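J.: Okay, here's the structure, questions in a sec.
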Amino acid sequence: MAKEIKTIGVLTSGGDAPGMNAAIRAVTRKAINNGVKVKGIKKGYQGLLNEEIIDLDRHDVSDTIQKGGTILGTARCMEFKTEEGQAKGAEICRKHGIDGIVVIGGDGSYRGAQALSKHGINTIGLPGTIDLDISCTDYTIGFDTAINTAMEAIDKIRDTSSSHERCSIVEVMGRNAGYIALWCGVACGADDILLPEKYDYNEQAIINNIIRNRKLGKTHHIIVNAEGIGHSTSMARRIEAATGIETRATIIGYMQRGGSPSCKDRYYASMMGAYAADILCEGKTNRVVAHAGGKFVDYDIDEALAMQKSIDEYQYAVSNALYR
């Protein structure tokens, strides 16, 4: 028989992502609608271990849906990776009457949720990461805003690159996942797109492409480089030395995590947050919410973490066909 849920907690963990506040708001208000109390856990798992726990009501999450970042704060916590830390976290949940937790974050956050579930705390994970690197879902909270932020930056860099007849290397985030680079590279008409999943480190091929384009009359060259490859500044120096063309590197960095979330991130995060509150109130545990096949669904965390995700071969082939 499913455990009756009277109070749920919500926390954000790992890197922040635009739309996390929409998810917190939806979890809170849907749970309250279901007759369940809500507590906010500040600063992720570290805040849980420090007992930084507050009550949340409908008013506490008003006027937050449009805000970037996370109103609960976030942090990384090495202690929670230990068995002792996980057991302590579960005991603190019980001490504060928390029957279940919604965890908003990436794969690392899911592993923490998985551990809490094993210690008797019902847990549901929400995919909160700009990287789009969670295998079980076609969408992650924050990705849409991040790619639009990066796209706008690349468009601006193109203007000055064209004016000065430069080659520009623009490094975007994504850790070891190339989805931001792929989407922005295609959307911005980049001349080269470097993905950690696909890049063969043949820098001469890039140099040849730059020289070929210049001979055809193209006055600028845009390379979108994924964070997982990195080394954009040293790459720029080598390309300039080999081609004689002024080459500059721009690392967009953490601005991709910030800013007011897009409509899609607000809407999808709201649906996912509400869905998480509903299935947690039903007594489900060790589940992650996903968007797959056009629907909001949930998977077992163990199953979700075992899934592998790679760059779609057709999309990669199209990206090559469009810029080469």
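All residue names refer to the structure tokens as shown: chains lettered A, B, ... in order, residues numbered from 1 in each chain, ligands numbered from 1 in order.
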Just the residues within 10 Å of Gly15 (chain A), please, counting only C-alpha atoms, with nothing from its chain fewer than 6 positions along; format it as a list of chain:residue names.

T.: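 Once the adjacent positions are removed, what remains is A:Gly69, A:Thr70, A:Gly73, A:Thr74, A:Ala75, A:Arg76, A:Gly105, A:Gly106, A:Ser109, A:Gly128, A:Thr129, A:Ile130, A:Asp131, A:Arg257.
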
J.: Which residues of region 130-177 of chain A come within 9 Å of region 213-224 of chain A, and what is each one's closest atom pair and distance in Å (one decimal), counting only C-alpha atoms, sorted by chain and residue number, as JSON lines?

T.:
{"residue": "A:Ile154", "atom": "CA", "partner": "A:Ile222", "partner_atom": "CA", "distance": 8.5}
{"residue": "A:Ile157", "atom": "CA", "partner": "A:Ile222", "partner_atom": "CA", "distance": 8.7}
{"residue": "A:Arg158", "atom": "CA", "partner": "A:Ile222", "partner_atom": "CA", "distance": 7.1}
{"residue": "A:Ser161", "atom": "CA", "partner": "A:His220", "partner_atom": "CA", "distance": 5.9}
{"residue": "A:Ser162", "atom": "CA", "partner": "A:His220", "partner_atom": "CA", "distance": 5.0}
{"residue": "A:Ser163", "atom": "CA", "partner": "A:His220", "partner_atom": "CA", "distance": 8.3}
{"residue": "A:His164", "atom": "CA", "partner": "A:His220", "partner_atom": "CA", "distance": 8.0}
{"residue": "A:Glu165", "atom": "CA", "partner": "A:Thr219", "partner_atom": "CA", "distance": 4.9}
{"residue": "A:Arg166", "atom": "CA", "partner": "A:His220", "partner_atom": "CA", "distance": 5.1}
{"residue": "A:Cys167", "atom": "CA", "partner": "A:His221", "partner_atom": "CA", "distance": 4.5}
{"residue": "A:Ser168", "atom": "CA", "partner": "A:Ile222", "partner_atom": "CA", "distance": 5.1}
{"residue": "A:Ile169", "atom": "CA", "partner": "A:Ile223", "partner_atom": "CA", "distance": 4.7}
{"residue": "A:Val170", "atom": "CA", "partner": "A:Val224", "partner_atom": "CA", "distance": 5.0}
{"residue": "A:Glu171", "atom": "CA", "partner": "A:Val224", "partner_atom": "CA", "distance": 6.0}
{"residue": "A:Val172", "atom": "CA", "partner": "A:Val224", "partner_atom": "CA", "distance": 7.2}

J.: Restricting the calculation to only C-alpha atoms, which member of A:Gly68, A:Lys81, A:Val102, A:Ala290 is positioned closest to Ile41 (chain A)?

T.: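 Of all the options, A:Val102 lies closest to Ile41 (chain A).
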
J.: What's the 12 Å shell around Glu240 (chain A), counting only C-alpha atoms, without same-chain residues fewer than 5 positions away, as a list in words?

T.: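 With the cut-off at 12 Å, the set is Arg166, Cys167, Ser168, Ile169, Ile206, Ile207, Ile210, Ile211, His221, Thr233, Ser234, Met235, Ile245, Glu246, Thr247, Arg248 and Ala249 of chain A.
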
J.: Store the residues of this selection in a file with C-alpha atoms, as a PDB file, in the first residue's frame.

T.:
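After the write, selection_11.pdb holds the following:
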ATOM      1  CA  ARG A 166      37.804  37.760 -38.790  1.00  0.00           C
ATOM      2  CA  CYS A 167      37.430  34.138 -37.864  1.00  0.00           C
ATOM      3  CA  SER A 168      35.543  33.834 -34.567  1.00  0.00           C
ATOM      4  CA  ILE A 169      35.478  30.818 -32.282  1.00  0.00           C
ATOM      5  CA  ILE A 206      38.958  23.451 -40.021  1.00  0.00           C
ATOM      6  CA  ILE A 207      41.905  25.457 -41.366  1.00  0.00           C
ATOM      7  CA  ILE A 210      38.505  28.639 -43.523  1.00  0.00           C
ATOM      8  CA  ILE A 211      40.948  29.060 -46.423  1.00  0.00           C
ATOM      9  CA  HIS A 221      34.114  32.461 -40.425  1.00  0.00           C
ATOM     10  CA  THR A 233      41.821  30.607 -27.072  1.00  0.00           C
ATOM     11  CA  SER A 234      44.762  28.360 -27.964  1.00  0.00           C
ATOM     12  CA  MET A 235      42.819  27.051 -30.963  1.00  0.00           C
ATOM     13  CA  ILE A 245      43.468  35.547 -40.737  1.00  0.00           C
ATOM     14  CA  GLU A 246      42.776  37.434 -37.511  1.00  0.00           C
ATOM     15  CA  THR A 247      41.059  34.937 -35.194  1.00  0.00           C
ATOM     16  CA  ARG A 248      39.371  35.643 -31.879  1.00  0.00           C
ATOM     17  CA  ALA A 249      37.856  33.361 -29.241  1.00  0.00           C
TER      18      ALA A 249
END

J.: Considering only helix (DSSP H, G or I) as DSSP defines it on the backbone, what residues of region 32-212 of chain A qualify? List them as a PyMOL selection string.

T.: chain A and resi 32-33+44-49+59-61+79-81+83-95+107-118+143-163+179-187+203-212

J.: Would you mind exporting C-alpha atoms of the selected residues as a compact mmCIF listing (two decimals), in the first residue's frame?

T.:
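As a result, part.txt now contains:
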# COMPACT_ATOMS: atom_id res chain seq x y z
CA ILE A 32 -1.19 22.53 -1.83
CA ASN A 33 -4.14 21.99 -4.18
CA GLY A 44 20.33 21.68 -2.48
CA TYR A 45 21.54 18.62 -0.62
CA GLN A 46 23.99 20.76 1.36
CA GLY A 47 21.05 22.78 2.66
CA LEU A 48 19.23 19.56 3.55
CA LEU A 49 22.17 18.39 5.65
CA HIS A 59 2.20 33.39 -1.74
CA ASP A 60 5.87 32.47 -1.26
CA VAL A 61 6.17 31.41 -4.90
CA GLU A 79 29.08 14.78 1.77
CA PHE A 80 25.82 13.68 0.19
CA LYS A 81 27.73 11.32 -2.10
CA GLU A 83 26.37 6.60 2.57
CA GLU A 84 26.61 8.48 5.86
CA GLY A 85 25.51 11.74 4.26
CA GLN A 86 22.58 10.10 2.53
CA ALA A 87 21.39 8.40 5.71
CA LYS A 88 21.70 11.70 7.57
CA GLY A 89 19.65 13.44 4.88
CA ALA A 90 16.86 10.87 5.17
CA GLU A 91 16.80 11.24 8.97
CA ILE A 92 16.58 15.03 8.64
CA CYS A 93 13.61 14.59 6.28
CA ARG A 94 11.86 12.45 8.87
CA LYS A 95 12.72 14.94 11.62
CA ASP A 107 22.07 13.20 -13.39
CA GLY A 108 24.08 13.84 -10.22
CA SER A 109 20.98 15.19 -8.50
CA TYR A 110 19.07 12.07 -9.60
CA ARG A 111 21.65 9.87 -7.88
CA GLY A 112 20.99 11.75 -4.65
CA ALA A 113 17.26 11.26 -5.11
CA GLN A 114 17.85 7.58 -5.79
CA ALA A 115 19.77 7.30 -2.50
CA LEU A 116 17.02 9.05 -0.51
CA SER A 117 14.47 6.66 -1.99
CA LYS A 118 16.52 3.70 -0.78
CA PHE A 143 17.80 24.33 -22.41
CA ASP A 144 15.50 26.50 -24.50
CA THR A 145 16.49 29.72 -22.74
CA ALA A 146 20.19 28.82 -22.84
CA ILE A 147 20.24 28.18 -26.59
CA ASN A 148 18.39 31.42 -27.28
CA THR A 149 20.86 33.34 -25.10
CA ALA A 150 23.80 31.74 -26.91
CA MET A 151 22.20 32.25 -30.33
CA GLU A 152 21.74 35.98 -29.71
CA ALA A 153 25.37 36.28 -28.56
CA ILE A 154 26.66 34.46 -31.66
CA ASP A 155 24.57 36.69 -33.93
CA LYS A 156 26.21 39.75 -32.33
CA ILE A 157 29.69 38.26 -32.62
CA ARG A 158 29.02 37.57 -36.31
CA ASP A 159 28.43 41.30 -36.89
CA THR A 160 31.83 42.32 -35.58
CA SER A 161 33.52 39.28 -37.15
CA SER A 162 32.17 40.32 -40.52
CA SER A 163 33.14 43.97 -40.03
CA TYR A 179 23.46 19.82 -27.85
CA ILE A 180 23.83 23.56 -27.22
CA ALA A 181 26.62 23.74 -29.80
CA LEU A 182 24.63 21.73 -32.35
CA TRP A 183 21.43 23.73 -32.03
CA CYS A 184 23.17 27.11 -31.97
CA GLY A 185 25.55 26.16 -34.76
CA VAL A 186 22.68 25.25 -37.06
CA ALA A 187 20.51 28.17 -35.97
CA GLU A 203 42.25 20.99 -36.81
CA GLN A 204 43.72 21.00 -40.30
CA ALA A 205 40.25 20.28 -41.72
CA ILE A 206 38.96 23.45 -40.02
CA ILE A 207 41.91 25.46 -41.37
CA ASN A 208 41.27 24.12 -44.87
CA ASN A 209 37.59 25.09 -44.57
CA ILE A 210 38.51 28.64 -43.52
CA ILE A 211 40.95 29.06 -46.42
CA ARG A 212 38.47 27.59 -48.92

J.: Among region 11-177 of chain A, which residues does DSSP mark as strand (DSSP E) when it is run on the backbone? Keep the chain and numbering as in the structure and answer as a count of residues only.

T.: 29

J.: What lies within 12 Å of Ser270 (chain A) using only C-alpha atoms, ignoring chain neighbours under 4 positions off, as a PyMOL selection string?

T.: chain A and resi 19-30+64-66+126+141+261+263-266+274-277+289+296

J.: Could those residues be written to a file, using N, CA and C atoms, as a PDB file, in the first residue's frame?

T.:
ATOM      1  N   GLY A  19      13.968  28.494 -15.512  1.00  0.00           N
ATOM      2  CA  GLY A  19      12.762  27.664 -15.448  1.00  0.00           C
ATOM      3  C   GLY A  19      12.653  26.879 -14.161  1.00  0.00           C
ATOM      4  N   MET A  20      13.731  26.829 -13.391  1.00  0.00           N
ATOM      5  CA  MET A  20      13.671  26.117 -12.107  1.00  0.00           C
ATOM      6  C   MET A  20      12.620  26.730 -11.191  1.00  0.00           C
ATOM      7  N   ASN A  21      12.502  28.058 -11.210  1.00  0.00           N
ATOM      8  CA  ASN A  21      11.512  28.711 -10.348  1.00  0.00           C
ATOM      9  C   ASN A  21      10.086  28.376 -10.765  1.00  0.00           C
ATOM     10  N   ALA A  22       9.872  28.230 -12.068  1.00  0.00           N
ATOM     11  CA  ALA A  22       8.547  27.817 -12.545  1.00  0.00           C
ATOM     12  C   ALA A  22       8.212  26.428 -12.024  1.00  0.00           C
ATOM     13  N   ALA A  23       9.221  25.552 -11.983  1.00  0.00           N
ATOM     14  CA  ALA A  23       9.007  24.193 -11.471  1.00  0.00           C
ATOM     15  C   ALA A  23       8.726  24.219  -9.970  1.00  0.00           C
ATOM     16  N   ILE A  24       9.503  25.009  -9.216  1.00  0.00           N
ATOM     17  CA  ILE A  24       9.270  25.132  -7.762  1.00  0.00           C
ATOM     18  C   ILE A  24       7.857  25.636  -7.501  1.00  0.00           C
ATOM     19  N   ARG A  25       7.458  26.649  -8.241  1.00  0.00           N
ATOM     20  CA  ARG A  25       6.121  27.237  -8.098  1.00  0.00           C
ATOM     21  C   ARG A  25       5.032  26.202  -8.364  1.00  0.00           C
ATOM     22  N   ALA A  26       5.209  25.428  -9.438  1.00  0.00           N
ATOM     23  CA  ALA A  26       4.197  24.434  -9.806  1.00  0.00           C
ATOM     24  C   ALA A  26       4.119  23.305  -8.789  1.00  0.00           C
ATOM     25  N   VAL A  27       5.273  22.831  -8.326  1.00  0.00           N
ATOM     26  CA  VAL A  27       5.296  21.793  -7.282  1.00  0.00           C
ATOM     27  C   VAL A  27       4.534  22.281  -6.063  1.00  0.00           C
ATOM     28  N   THR A  28       4.856  23.499  -5.642  1.00  0.00           N
ATOM     29  CA  THR A  28       4.256  24.050  -4.422  1.00  0.00           C
ATOM     30  C   THR A  28       2.745  24.184  -4.551  1.00  0.00           C
ATOM     31  N   ARG A  29       2.296  24.824  -5.596  1.00  0.00           N
ATOM     32  CA  ARG A  29       0.866  25.111  -5.726  1.00  0.00           C
ATOM     33  C   ARG A  29       0.048  23.865  -6.032  1.00  0.00           C
ATOM     34  N   LYS A  30       0.590  22.937  -6.821  1.00  0.00           N
ATOM     35  CA  LYS A  30      -0.159  21.707  -7.120  1.00  0.00           C
ATOM     36  C   LYS A  30      -0.246  20.828  -5.875  1.00  0.00           C
ATOM     37  N   THR A  64       7.487  34.660  -9.198  1.00  0.00           N
ATOM     38  CA  THR A  64       8.794  34.009  -9.359  1.00  0.00           C
ATOM     39  C   THR A  64       8.963  33.344 -10.719  1.00  0.00           C
ATOM     40  N   ILE A  65       7.856  33.131 -11.429  1.00  0.00           N
ATOM     41  CA  ILE A  65       7.915  32.332 -12.655  1.00  0.00           C
ATOM     42  C   ILE A  65       8.802  32.969 -13.717  1.00  0.00           C
ATOM     43  N   GLN A  66       8.925  34.289 -13.699  1.00  0.00           N
ATOM     44  CA  GLN A  66       9.693  34.998 -14.705  1.00  0.00           C
ATOM     45  C   GLN A  66      11.161  35.170 -14.334  1.00  0.00           C
ATOM     46  N   LEU A 126      13.203  15.933 -11.362  1.00  0.00           N
ATOM     47  CA  LEU A 126      12.832  16.753 -12.515  1.00  0.00           C
ATOM     48  C   LEU A 126      14.110  17.120 -13.261  1.00  0.00           C
ATOM     49  N   ILE A 141      14.748  21.329 -18.398  1.00  0.00           N
ATOM     50  CA  ILE A 141      14.428  22.698 -17.969  1.00  0.00           C
ATOM     51  C   ILE A 141      15.647  23.589 -18.127  1.00  0.00           C
ATOM     52  N   PRO A 261      13.448  33.033 -18.018  1.00  0.00           N
ATOM     53  CA  PRO A 261      13.208  31.851 -18.856  1.00  0.00           C
ATOM     54  C   PRO A 261      12.248  32.129 -19.995  1.00  0.00           C
ATOM     55  N   CYS A 263       9.246  31.239 -22.818  1.00  0.00           N
ATOM     56  CA  CYS A 263       7.883  30.724 -22.637  1.00  0.00           C
ATOM     57  C   CYS A 263       7.901  29.196 -22.535  1.00  0.00           C
ATOM     58  N   LYS A 264       8.671  28.551 -23.402  1.00  0.00           N
ATOM     59  CA  LYS A 264       8.722  27.080 -23.382  1.00  0.00           C
ATOM     60  C   LYS A 264       9.259  26.572 -22.048  1.00  0.00           C
ATOM     61  N   ASP A 265      10.326  27.178 -21.556  1.00  0.00           N
ATOM     62  CA  ASP A 265      10.878  26.731 -20.280  1.00  0.00           C
ATOM     63  C   ASP A 265       9.902  26.965 -19.128  1.00  0.00           C
ATOM     64  N   ARG A 266       9.170  28.073 -19.160  1.00  0.00           N
ATOM     65  CA  ARG A 266       8.179  28.323 -18.103  1.00  0.00           C
ATOM     66  C   ARG A 266       7.042  27.297 -18.177  1.00  0.00           C
ATOM     67  N   ALA A 274       4.055  20.222 -11.754  1.00  0.00           N
ATOM     68  CA  ALA A 274       2.728  19.758 -11.356  1.00  0.00           C
ATOM     69  C   ALA A 274       2.629  18.241 -11.420  1.00  0.00           C
ATOM     70  N   TYR A 275       3.192  17.673 -12.488  1.00  0.00           N
ATOM     71  CA  TYR A 275       3.182  16.218 -12.673  1.00  0.00           C
ATOM     72  C   TYR A 275       3.940  15.545 -11.525  1.00  0.00           C
ATOM     73  N   ALA A 276       5.090  16.112 -11.157  1.00  0.00           N
ATOM     74  CA  ALA A 276       5.883  15.538 -10.065  1.00  0.00           C
ATOM     75  C   ALA A 276       5.110  15.550  -8.758  1.00  0.00           C
ATOM     76  N   ALA A 277       4.432  16.668  -8.462  1.00  0.00           N
ATOM     77  CA  ALA A 277       3.649  16.754  -7.229  1.00  0.00           C
ATOM     78  C   ALA A 277       2.529  15.718  -7.227  1.00  0.00           C
ATOM     79  N   VAL A 289      10.598  12.572 -13.920  1.00  0.00           N
ATOM     80  CA  VAL A 289       9.638  13.087 -14.891  1.00  0.00           C
ATOM     81  C   VAL A 289      10.386  13.414 -16.179  1.00  0.00           C
ATOM     82  N   PHE A 296       4.200  14.149 -21.226  1.00  0.00           N
ATOM     83  CA  PHE A 296       4.902  14.141 -19.945  1.00  0.00           C
ATOM     84  C   PHE A 296       4.705  12.767 -19.316  1.00  0.00           C
TER      85      PHE A 296
END

J.: For CA of Arg287 (chain A) and CA of Lys39 (chain A), quote the distance in Å rounded to one decimal.

T.: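 Taking CA of Arg287 (chain A) as the start and CA of Lys39 (chain A) as the end point, the length is 19.6 Å.
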
J.: Would you list the contacts of Lys284 (chain A) as a PyMOL selection string, taking every protein, DNA or RNA residue within 12 Å and counting only C-alpha atoms, but skipping same-chain residues closer than 3 positions in sequence?

T.: chain A and resi 1-5+99-102+117+120-125+275-281+287-289+298-301

J.: Given the choices A:Ile193, A:Ala241, A:Leu305, A:Ile71, which gets closest to Asp16 (chain A) if the distance is worked out from only C-alpha atoms?

T.: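 Using only C-alpha atoms, the shortest distance to Asp16 (chain A) belongs to A:Ile71.
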